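As structure tokens, the structure follows; a few thoughts come after it.
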Amino acid sequence: MAQTLFEKIWNEHAVVTREDGNTLLYVDRHLIHDLHFRAFAQLKAAGHSIREPDKLFGVPDHSLPTTAKSLADIPAGEMREAVEVLENESKALNFTHFSMTDDRHGIVHVVGPEQGITLPGLLLVCGDSHTSTHGALGCIALGIGSTEVQHVLATQTLWQRQPKSMRITVTGELGFCVTAKDVILAIIREIGTAGGTGYAIEYAGPVIDAMSMEGRMTICNMTIEAGSRFGLMAPDDKTINYVEGRPYAPTGAKWETAVDYWRALKSDDDVVFDKEVVIDGSSIAPMVTWGNSPQWALPITDAVPNPDDEPDASVRATMVAAIDYMNIKAGMPLADIVVDMVFIGSCTNSRIEDLRAAAEVVKGRQAKVRTLVVPGSGLVKKQAEAEGLDKIFMDAGMEWREPGCSMCLAVNGETLGASQRSASTSNRNFRGRQGVGSRTHLVSPAMAAAAAVTGQFTDVRKFAEEA
Amino acid sequence: MTTQSTVEPFRTFAAVAVPIDIANCDTDQIIPARFLRKASDDPHYARFLLHDLRFNADGSETDFVFNAPAYRGAGILVADKNWGCGSSRENAVTALVANGIRAVIAPSVADIHYSNCIQNGVLPVRLSEQDCATLRQQLRDGPGAEIAVDLETQTLTGPDQTSYTFEVDPFDKHRLLNGLDDISLTQTHDQAIAEFAAAYAVRHSWSA
Ligand code: SF4
């Protein structure tokens with residue numbers, strides 16, 4: 001029977017399948033970050049041990065102040081404790097850990113692919129919803145809760161019910177200055193934040209084919225914002241070239257075997273998806289979100305919508321509340337919204353390509369508002385510095401930081417002030433996400449850079465034309 | 001709450017229910033990120049639930065529905081669509097449990113939050129948008145009214161004694177009814193896992 005890419009990988013990992021469809025899946029890679037520092041003591045208290053420590057990889061990211069270079073630089077308390085416990089447990093329990101003094105450390109979803117820990121065909125989990133990012137390499141990657149984290153630690157398996165299948169095909173060709181971030185915001189706007197609930201989403205079509213691995217990761221990253229735990233793309237030459245030579249990727253004869261296997265990993269031509277969505281990539285413009293949900297995204301040329309035009313009462317109420325919380329007005333052009341701060345970073349947009357795109361806009365200009373540029377890993381940071389990007393940002397008066405999650409979740413001491421507004425390259429614009437009372441607008445790195453140098457949302461296309 | 005042996009079986013549950021009229025209520029609302037490093041036995045854990053909707057900056061209570069005296073001690077939430085979207089933080093469920101909340105009724109519940117609920121003996125009940133709206137209206141009209149849930153028969157009784165049936169995955173139901181923790185359940189498949197892992201390592205030697 002014809003199968004989807006997802007089903008093929010799923011079946012390859014099915015240890016036990018119950019009659020009701022629930023499946024015990026074998027886990028190839030388990031990534032863990034500092035917010036799960038309590039898991040180890042809980043596991044021990046329950047009398048369990050780690051079944052396959054060589055499949056576990058730890059890295060601190062959420063609790064790192066991006067000014068800190070070592071443990072001693074982290075203020076004493078919960079934040080330091082989280083980072084310290086993870087590091088100590090990695091030694092005691094014998095799993096790989098990239099400490100904050102190691103260039104290989106960074107945001108867990110940047111580090112996995114960068115190190116070749118994430119590979120096509122694998123099943124990878126992490127106690128973090130944005131684990132969907134890794135699916136860009138052609139694997140099943142899903143975010144799990146903390147009880148499930150302990151389950152994987154103890155058994156190297158996970159119970160899951162097979163999701164339905166959805167294919168999102170992005171046709172055409174992206175316009176000038178339109179990026180992966182704009183594509184995924186356009187997709188979420190189209191299908192809604194619950195549109196993917198219960199589905200695994202495979203992305204396909206010429207726009208995805210033409211996209212860099214970084215861009216593909218941005219798309220899969222925000223798949224969870226469309227309600228789906230799984231986003232994935234069939235591995236192609238680009239994927240294989242990306243993986244080749246990475247520290248944890250197979251080598252020699254194993255590499256050859258792997259490549260043969262990966263080349264065959266794709267949905268069968270005659271497979272029928274439970275749901276098909278087609279998006280015209282050529283019609284996508286640079287996007288900005290205006291409300292407290294990633295689905296409230298619009299082209300920069302648009303205006304804040306009028307709730308009165310919305311027929312559904314519950315949606316209307318949400319729109320009214322969002323407009324009030326965000327302190328904007330219906331009908332107001334998005335380009336008139338003034339920002340207090342800009343954040344360029346997060347597992348959505350902190351890879352080298354993202355920093356290059358931002359630097360290109362910033363080059364020779366000055367930031368009008370405070371701007372934090374936070375690379376996704378120590379290696380991204382080094383690469384950016386080798387290319388002189390750090391200098392471009394600093395010359396513009398921006399802050400060039402150490403890697404970490406930083407203002408994406410704002411649990412490392414870096415927050416927006418109450419009622420402050422940001423242009424942010426992260427993935428969530430929920431109320432209070434960047435600090436109590438904070439107002440977040442999601443944009444691409446180039447759009448964030450344009451907002452930084454003008455102090456308000458600006459159509460980056462005009463900007464780039466001027467240059 | 002994450003200690004595996006403490007999952008409380010769920011059979012029937014009746015409690016005061018509180019209407020939460022927020023569509024797409026994300027887990028950042030259910031528990032703000034700054035509480036994520038707190039231990040689950042923190043004496044203040046109950047306060048973290050919906051914290052920024054319930055409390056002003058000075059710690060005083062807002063007029064959010066959850067604070068109204070009639071709903072004090074509510075054990076059930078009736079929410080709107082896409083409850084629990086966003087972050088995978090299981091702390092959101094810890095905060096529900098810390099308040100004695102054992103069931104969330106909503107038109108839809110986000111996937112990760114749904115599994116986190118099951119893991120902690122909290123039953124997510126999916127009813128139609130219309131039924132949820134009706135229930136929330138009844139709870140607003142009669143604050144302090146109770147809802148009763150029977151997992152065995154998969155039925156729910158509203159404040160006006162209207163009965164609703166709901167769907168639940170058989171495996172989830174089995175685990176909830178028996179308060180089973182997944183690790184011990186999975187360990188009964190220990191042999192199968194070991195055999196699978198050995199065969200897998202041969203089949204995909206490149207993956208090791
Ligand atoms: S960057 Fe943001 S979304 Fe990504 S893992 Fe860190 S906190 Fe989560």
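Ordering of the structure tokens sets the chain letters (A, B, ...); residue numbers start at 1 within each chain; ligands are numbered from 1 in the order shown.
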
With the cut-off set at 6 Å and counting only C-alpha atoms, tabulate each residue of chain A with an atom at most that distance from an atom of chain B, showing the nearest atom pair and its distance in Å to one decimal, ordered by chain and increasing number, as a Markdown table.
| residue | atom | partner | partner_atom | distance |
| --- | --- | --- | --- | --- |
| A:Asp128 | CA | B:Ser88 | CA | 5.6 |
| A:Ser129 | CA | B:Ser88 | CA | 4.9 |
| A:Gly145 | CA | B:Glu90 | CA | 5.3 |
| A:Ser146 | CA | B:Glu90 | CA | 5.9 |
| A:Thr147 | CA | B:Thr2 | CA | 5.8 |
| A:His151 | CA | B:Ile183 | CA | 5.6 |
| A:Pro250 | CA | B:Trp206 | CA | 5.7 |
| A:Lys254 | CA | B:Trp206 | CA | 4.8 |
| A:Ala258 | CA | B:Trp206 | CA | 5.9 |
| A:Val411 | CA | B:Arg34 | CA | 5.7 |

Neighbours of ligand 1 within 6 Å, counting only C-alpha atoms and all ligand atoms, as a PDB file with C-alpha atoms, in the first residue's frame?
ATOM      1  CA  HIS A  62      16.679  28.685  27.987  1.00  0.00           C
ATOM      2  CA  ILE A 107      19.601  26.554  21.227  1.00  0.00           C
ATOM      3  CA  HIS A 130       9.695  23.405  18.674  1.00  0.00           C
ATOM      4  CA  SER A 346      15.433  32.150  18.599  1.00  0.00           C
ATOM      5  CA  CYS A 347      15.288  28.638  17.165  1.00  0.00           C
ATOM      6  CA  CYS A 405      16.905  31.445  23.742  1.00  0.00           C
ATOM      7  CA  CYS A 408      12.095  34.452  22.840  1.00  0.00           C
ATOM      8  CA  LEU A 409      10.829  33.091  26.160  1.00  0.00           C
TER       9      LEU A 409
END

Contacts of stretch 150-167 of chain B at 12 Å (only C-alpha atoms; same-chain gap of 3+ positions) as an MDAnalysis selection string
chainID B and resid 9:18 76 78 102:108 121:128 130:147 170:178

Create the file for the chosen residues now, containing N, CA and C atoms and written as a short mmCIF file (atom, residue, chain, number, x, y, z; two decimals), in the first residue's frame.
data_model
loop_
_atom_site.label_atom_id
_atom_site.label_comp_id
_atom_site.auth_asym_id
_atom_site.auth_seq_id
_atom_site.Cartn_x
_atom_site.Cartn_y
_atom_site.Cartn_z
N PRO B 9 -6.39 7.40 39.70
CA PRO B 9 -7.36 6.88 38.73
C PRO B 9 -8.50 7.89 38.53
N PHE B 10 -9.02 7.90 37.33
CA PHE B 10 -10.13 8.79 37.01
C PHE B 10 -11.32 7.93 36.61
N ARG B 11 -12.39 7.95 37.42
CA ARG B 11 -13.59 7.20 37.05
C ARG B 11 -14.76 8.16 36.85
N THR B 12 -15.23 8.70 37.98
CA THR B 12 -16.27 9.73 37.87
C THR B 12 -15.76 10.94 38.62
N PHE B 13 -16.20 12.08 38.19
CA PHE B 13 -15.76 13.31 38.84
C PHE B 13 -16.86 14.36 38.69
N ALA B 14 -17.26 14.92 39.81
CA ALA B 14 -18.25 16.00 39.76
C ALA B 14 -17.69 17.18 40.53
N ALA B 15 -17.80 18.36 39.96
CA ALA B 15 -17.24 19.54 40.63
C ALA B 15 -17.84 20.81 40.05
N VAL B 16 -17.64 21.88 40.80
CA VAL B 16 -18.00 23.21 40.30
C VAL B 16 -17.16 23.45 39.04
N ALA B 17 -17.78 24.02 38.03
CA ALA B 17 -17.05 24.28 36.79
C ALA B 17 -17.00 25.78 36.53
N VAL B 18 -15.89 26.21 35.95
CA VAL B 18 -15.72 27.64 35.67
C VAL B 18 -15.56 27.84 34.16
N ILE B 76 -13.37 21.82 37.47
CA ILE B 76 -13.52 21.61 36.02
C ILE B 76 -13.46 22.96 35.32
N VAL B 78 -14.41 24.86 31.69
CA VAL B 78 -15.03 24.74 30.37
C VAL B 78 -14.41 25.85 29.51
N ARG B 102 -9.54 18.42 37.56
CA ARG B 102 -9.35 17.08 37.01
C ARG B 102 -9.93 16.92 35.60
N ALA B 103 -10.64 17.92 35.12
CA ALA B 103 -11.19 17.81 33.77
C ALA B 103 -11.24 19.17 33.10
N VAL B 104 -10.94 19.18 31.80
CA VAL B 104 -11.06 20.40 31.00
C VAL B 104 -11.97 20.06 29.82
N ILE B 105 -13.04 20.81 29.69
CA ILE B 105 -13.98 20.57 28.60
C ILE B 105 -13.75 21.67 27.56
N ALA B 106 -13.53 21.28 26.33
CA ALA B 106 -13.24 22.27 25.29
C ALA B 106 -13.59 21.68 23.92
N PRO B 107 -13.85 22.55 22.93
CA PRO B 107 -14.12 22.04 21.58
C PRO B 107 -12.90 21.35 20.99
N SER B 108 -11.71 21.82 21.34
CA SER B 108 -10.49 21.16 20.88
C SER B 108 -9.37 21.47 21.86
N GLY B 121 -3.50 12.33 34.90
CA GLY B 121 -4.83 12.00 35.41
C GLY B 121 -5.85 13.11 35.25
N VAL B 122 -5.62 14.00 34.29
CA VAL B 122 -6.59 15.04 33.99
C VAL B 122 -7.29 14.65 32.69
N LEU B 123 -8.61 14.67 32.69
CA LEU B 123 -9.36 14.24 31.51
C LEU B 123 -9.73 15.42 30.62
N PRO B 124 -9.23 15.47 29.39
CA PRO B 124 -9.70 16.49 28.46
C PRO B 124 -10.94 15.94 27.75
N VAL B 125 -12.04 16.67 27.85
CA VAL B 125 -13.29 16.23 27.22
C VAL B 125 -13.57 17.12 26.03
N ARG B 126 -13.65 16.51 24.84
CA ARG B 126 -13.93 17.33 23.66
C ARG B 126 -15.40 17.23 23.30
N LEU B 127 -16.07 18.39 23.40
CA LEU B 127 -17.47 18.49 22.98
C LEU B 127 -17.53 19.50 21.83
N SER B 128 -18.66 19.58 21.16
CA SER B 128 -18.75 20.51 20.03
C SER B 128 -18.64 21.95 20.52
N GLN B 130 -20.62 24.31 19.92
CA GLN B 130 -21.93 24.73 20.39
C GLN B 130 -22.20 24.25 21.81
N ASP B 131 -21.91 22.98 22.08
CA ASP B 131 -22.13 22.44 23.42
C ASP B 131 -21.26 23.15 24.46
N CYS B 132 -20.03 23.43 24.10
CA CYS B 132 -19.15 24.13 25.05
C CYS B 132 -19.68 25.54 25.32
N ALA B 133 -20.16 26.19 24.25
CA ALA B 133 -20.71 27.55 24.42
C ALA B 133 -21.94 27.49 25.32
N THR B 134 -22.77 26.49 25.14
CA THR B 134 -23.96 26.34 25.97
C THR B 134 -23.57 26.14 27.44
N LEU B 135 -22.61 25.26 27.66
CA LEU B 135 -22.17 25.00 29.04
C LEU B 135 -21.61 26.26 29.69
N ARG B 136 -20.79 26.99 28.93
CA ARG B 136 -20.20 28.21 29.50
C ARG B 136 -21.29 29.22 29.84
N GLN B 137 -22.29 29.30 28.96
CA GLN B 137 -23.41 30.21 29.22
C GLN B 137 -24.15 29.80 30.50
N GLN B 138 -24.40 28.51 30.64
CA GLN B 138 -25.10 28.02 31.84
C GLN B 138 -24.29 28.30 33.11
N LEU B 139 -22.99 28.18 32.99
CA LEU B 139 -22.14 28.42 34.17
C LEU B 139 -22.10 29.91 34.52
N ARG B 140 -22.17 30.74 33.48
CA ARG B 140 -22.21 32.19 33.74
C ARG B 140 -23.54 32.57 34.37
N ASP B 141 -24.62 31.93 33.86
CA ASP B 141 -25.96 32.23 34.38
C ASP B 141 -26.15 31.71 35.81
N GLY B 142 -25.51 30.59 36.10
CA GLY B 142 -25.66 30.01 37.44
C GLY B 142 -24.30 29.72 38.04
N PRO B 143 -23.58 30.77 38.44
CA PRO B 143 -22.22 30.56 38.94
C PRO B 143 -22.22 29.57 40.11
N GLY B 144 -21.26 28.68 40.11
CA GLY B 144 -21.17 27.69 41.19
C GLY B 144 -21.83 26.37 40.83
N ALA B 145 -22.41 26.31 39.62
CA ALA B 145 -23.07 25.06 39.20
C ALA B 145 -22.03 23.98 38.94
N GLU B 146 -22.48 22.74 39.08
CA GLU B 146 -21.56 21.62 38.92
C GLU B 146 -21.75 20.91 37.58
N ILE B 147 -20.68 20.27 37.16
CA ILE B 147 -20.72 19.39 36.01
C ILE B 147 -20.20 18.03 36.49
N PRO B 170 -9.26 4.69 23.39
CA PRO B 170 -9.37 3.55 24.32
C PRO B 170 -8.14 3.37 25.23
N PHE B 171 -6.99 3.66 24.69
CA PHE B 171 -5.75 3.50 25.47
C PHE B 171 -5.68 4.57 26.57
N ASP B 172 -6.03 5.79 26.21
CA ASP B 172 -6.06 6.88 27.19
C ASP B 172 -7.06 6.54 28.29
N LYS B 173 -8.20 6.04 27.88
CA LYS B 173 -9.26 5.70 28.83
C LYS B 173 -8.78 4.63 29.80
N HIS B 174 -8.17 3.60 29.25
CA HIS B 174 -7.64 2.50 30.04
C HIS B 174 -6.64 3.01 31.08
N ARG B 175 -5.74 3.87 30.64
CA ARG B 175 -4.71 4.39 31.56
C ARG B 175 -5.33 5.26 32.64
N LEU B 176 -6.29 6.10 32.23
CA LEU B 176 -6.92 7.00 33.21
C LEU B 176 -7.74 6.22 34.23
N LEU B 177 -8.53 5.29 33.74
CA LEU B 177 -9.40 4.52 34.65
C LEU B 177 -8.59 3.78 35.70
N ASN B 178 -7.39 3.32 35.29
CA ASN B 178 -6.60 2.51 36.20
C ASN B 178 -5.45 3.27 36.86
#

Once DSSP has gone over the backbone, tell me which residues of stretch 1-194 of chain B are in strand (DSSP E or B), as JSON, numbers by chain.
{"B": [12, 13, 14, 15, 16, 17, 18, 19, 26, 55, 61, 76, 77, 78, 83, 85, 103, 104, 105, 106, 109, 123, 124, 125, 126, 146, 147, 148, 149, 150, 155, 156, 157, 163, 164, 165]}

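For stretch 205-221 of chain A, the non-local neighbours within 7 Å, defined as residues at least 3 positions apart in the same chain or in other chains and counting only C-alpha atoms, are His130, Ser132, Thr133, His134, Gly135, Ala136, Thr169, Val170, Thr171, Gly172, Glu173, Leu174, Ala180, Lys181, Ile184, Ile224, Gly231, Leu232, Thr239, Gly281, Thr348, Asn349, Arg351 and Glu353 of chain A.
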
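In terms of minimum interatomic distance to A:Leu56, A:Leu153 ranks closest within A:Val320, A:Leu153, A:Ile279, A:Val374, counting only C-alpha atoms.
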
Quick one, how far is atom CA of B:Pro19 from atom CA of B:Phe66?
8.1 Å

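Using only C-alpha atoms, the contacts of A:Ser422 at a cut-off of 9 Å, with sequence neighbours closer than 6 positions omitted, comprise A:Val338, A:Val339, A:Asp340, A:Met341, A:Val342, A:Phe343, A:Leu416, A:Gln434, A:Ser438, A:Arg439, A:Thr440, A:His441, A:Leu442.
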
With a distance cut-off of 8 Å and only C-alpha atoms, select the neighbouring residues of A:Gln366, excluding the residue or stretch itself and same-chain residues fewer than 2 positions from it, and output the selection as number ranges by chain.
A: 362, 364, 368, 395-397, 453

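Once A:Trp255 and its same-chain neighbours fewer than 6 positions away are set aside, Leu119, Pro120, Ile240, Asn241, Val243, Glu244, Gly245, Arg246, Tyr248, Ala249, Tyr261 and Trp262 of chain A; His204, Ser205, Trp206, Ser207 and Ala208 of chain B remain within 12 Å of it when counting only C-alpha atoms.
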
Expected file: the selected residues, N, CA, C and O atoms, as a PDB file, in the first residue's frame:
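The file below, result_14.pdb, is the result:
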ATOM      1  N   LEU A 119      19.319  13.495  11.923  1.00  0.00           N
ATOM      2  CA  LEU A 119      19.595  12.921  10.599  1.00  0.00           C
ATOM      3  C   LEU A 119      18.282  12.508   9.951  1.00  0.00           C
ATOM      4  O   LEU A 119      17.301  12.224  10.658  1.00  0.00           O
ATOM      5  N   PRO A 120      18.264  12.430   8.625  1.00  0.00           N
ATOM      6  CA  PRO A 120      17.053  11.930   7.952  1.00  0.00           C
ATOM      7  C   PRO A 120      16.707  10.527   8.447  1.00  0.00           C
ATOM      8  O   PRO A 120      17.604   9.763   8.822  1.00  0.00           O
ATOM      9  N   ILE A 240      21.240  16.056   2.131  1.00  0.00           N
ATOM     10  CA  ILE A 240      22.390  15.156   2.249  1.00  0.00           C
ATOM     11  C   ILE A 240      23.692  15.957   2.284  1.00  0.00           C
ATOM     12  O   ILE A 240      24.569  15.701   3.108  1.00  0.00           O
ATOM     13  N   ASN A 241      23.778  16.990   1.450  1.00  0.00           N
ATOM     14  CA  ASN A 241      24.966  17.854   1.487  1.00  0.00           C
ATOM     15  C   ASN A 241      25.105  18.562   2.823  1.00  0.00           C
ATOM     16  O   ASN A 241      26.206  18.753   3.333  1.00  0.00           O
ATOM     17  N   VAL A 243      24.093  17.484   5.732  1.00  0.00           N
ATOM     18  CA  VAL A 243      24.443  16.545   6.802  1.00  0.00           C
ATOM     19  C   VAL A 243      25.897  16.068   6.693  1.00  0.00           C
ATOM     20  O   VAL A 243      26.575  15.863   7.703  1.00  0.00           O
ATOM     21  N   GLU A 244      26.357  15.937   5.466  1.00  0.00           N
ATOM     22  CA  GLU A 244      27.674  15.339   5.237  1.00  0.00           C
ATOM     23  C   GLU A 244      28.795  16.063   5.997  1.00  0.00           C
ATOM     24  O   GLU A 244      28.897  17.284   5.940  1.00  0.00           O
ATOM     25  N   GLY A 245      29.596  15.260   6.685  1.00  0.00           N
ATOM     26  CA  GLY A 245      30.752  15.814   7.382  1.00  0.00           C
ATOM     27  C   GLY A 245      30.456  16.408   8.737  1.00  0.00           C
ATOM     28  O   GLY A 245      31.365  16.890   9.416  1.00  0.00           O
ATOM     29  N   ARG A 246      29.212  16.417   9.150  1.00  0.00           N
ATOM     30  CA  ARG A 246      28.903  16.967  10.490  1.00  0.00           C
ATOM     31  C   ARG A 246      29.389  15.975  11.546  1.00  0.00           C
ATOM     32  O   ARG A 246      29.396  14.766  11.321  1.00  0.00           O
ATOM     33  N   TYR A 248      28.473  14.336  14.210  1.00  0.00           N
ATOM     34  CA  TYR A 248      27.794  13.103  14.618  1.00  0.00           C
ATOM     35  C   TYR A 248      27.153  12.361  13.442  1.00  0.00           C
ATOM     36  O   TYR A 248      26.438  11.390  13.643  1.00  0.00           O
ATOM     37  N   ALA A 249      27.411  12.803  12.235  1.00  0.00           N
ATOM     38  CA  ALA A 249      26.866  12.116  11.057  1.00  0.00           C
ATOM     39  C   ALA A 249      27.698  10.867  10.787  1.00  0.00           C
ATOM     40  O   ALA A 249      28.870  10.813  11.131  1.00  0.00           O
ATOM     41  N   TYR A 261      19.679   4.771   1.792  1.00  0.00           N
ATOM     42  CA  TYR A 261      18.397   4.691   2.495  1.00  0.00           C
ATOM     43  C   TYR A 261      17.634   6.024   2.401  1.00  0.00           C
ATOM     44  O   TYR A 261      16.448   6.058   2.088  1.00  0.00           O
ATOM     45  N   TRP A 262      18.346   7.108   2.628  1.00  0.00           N
ATOM     46  CA  TRP A 262      17.698   8.430   2.618  1.00  0.00           C
ATOM     47  C   TRP A 262      17.141   8.799   1.247  1.00  0.00           C
ATOM     48  O   TRP A 262      16.099   9.428   1.146  1.00  0.00           O
TER      49      TRP A 262
ATOM     50  N   HIS B 204      19.792  -0.490  10.737  1.00  0.00           N
ATOM     51  CA  HIS B 204      20.205   0.910  10.533  1.00  0.00           C
ATOM     52  C   HIS B 204      21.495   1.184  11.296  1.00  0.00           C
ATOM     53  O   HIS B 204      21.528   2.079  12.159  1.00  0.00           O
ATOM     54  N   SER B 205      22.509   0.449  10.971  1.00  0.00           N
ATOM     55  CA  SER B 205      23.772   0.582  11.712  1.00  0.00           C
ATOM     56  C   SER B 205      24.316   2.023  11.629  1.00  0.00           C
ATOM     57  O   SER B 205      24.997   2.494  12.521  1.00  0.00           O
ATOM     58  N   TRP B 206      23.961   2.720  10.547  1.00  0.00           N
ATOM     59  CA  TRP B 206      24.415   4.109  10.381  1.00  0.00           C
ATOM     60  C   TRP B 206      23.855   5.057  11.448  1.00  0.00           C
ATOM     61  O   TRP B 206      24.401   6.131  11.678  1.00  0.00           O
ATOM     62  N   SER B 207      22.753   4.656  12.082  1.00  0.00           N
ATOM     63  CA  SER B 207      22.067   5.578  12.991  1.00  0.00           C
ATOM     64  C   SER B 207      22.668   5.599  14.387  1.00  0.00           C
ATOM     65  O   SER B 207      22.331   6.444  15.204  1.00  0.00           O
ATOM     66  N   ALA B 208      23.528   4.655  14.684  1.00  0.00           N
ATOM     67  CA  ALA B 208      24.051   4.558  16.054  1.00  0.00           C
ATOM     68  C   ALA B 208      24.990   5.714  16.391  1.00  0.00           C
ATOM     69  O   ALA B 208      25.590   6.287  15.511  1.00  0.00           O
TER      70      ALA B 208
END

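Between A:Ile201 and the residues A:Ile337, A:Leu124, A:Val315, A:Leu5, the shortest atom-to-atom distance, using only C-alpha atoms, involves A:Leu5.
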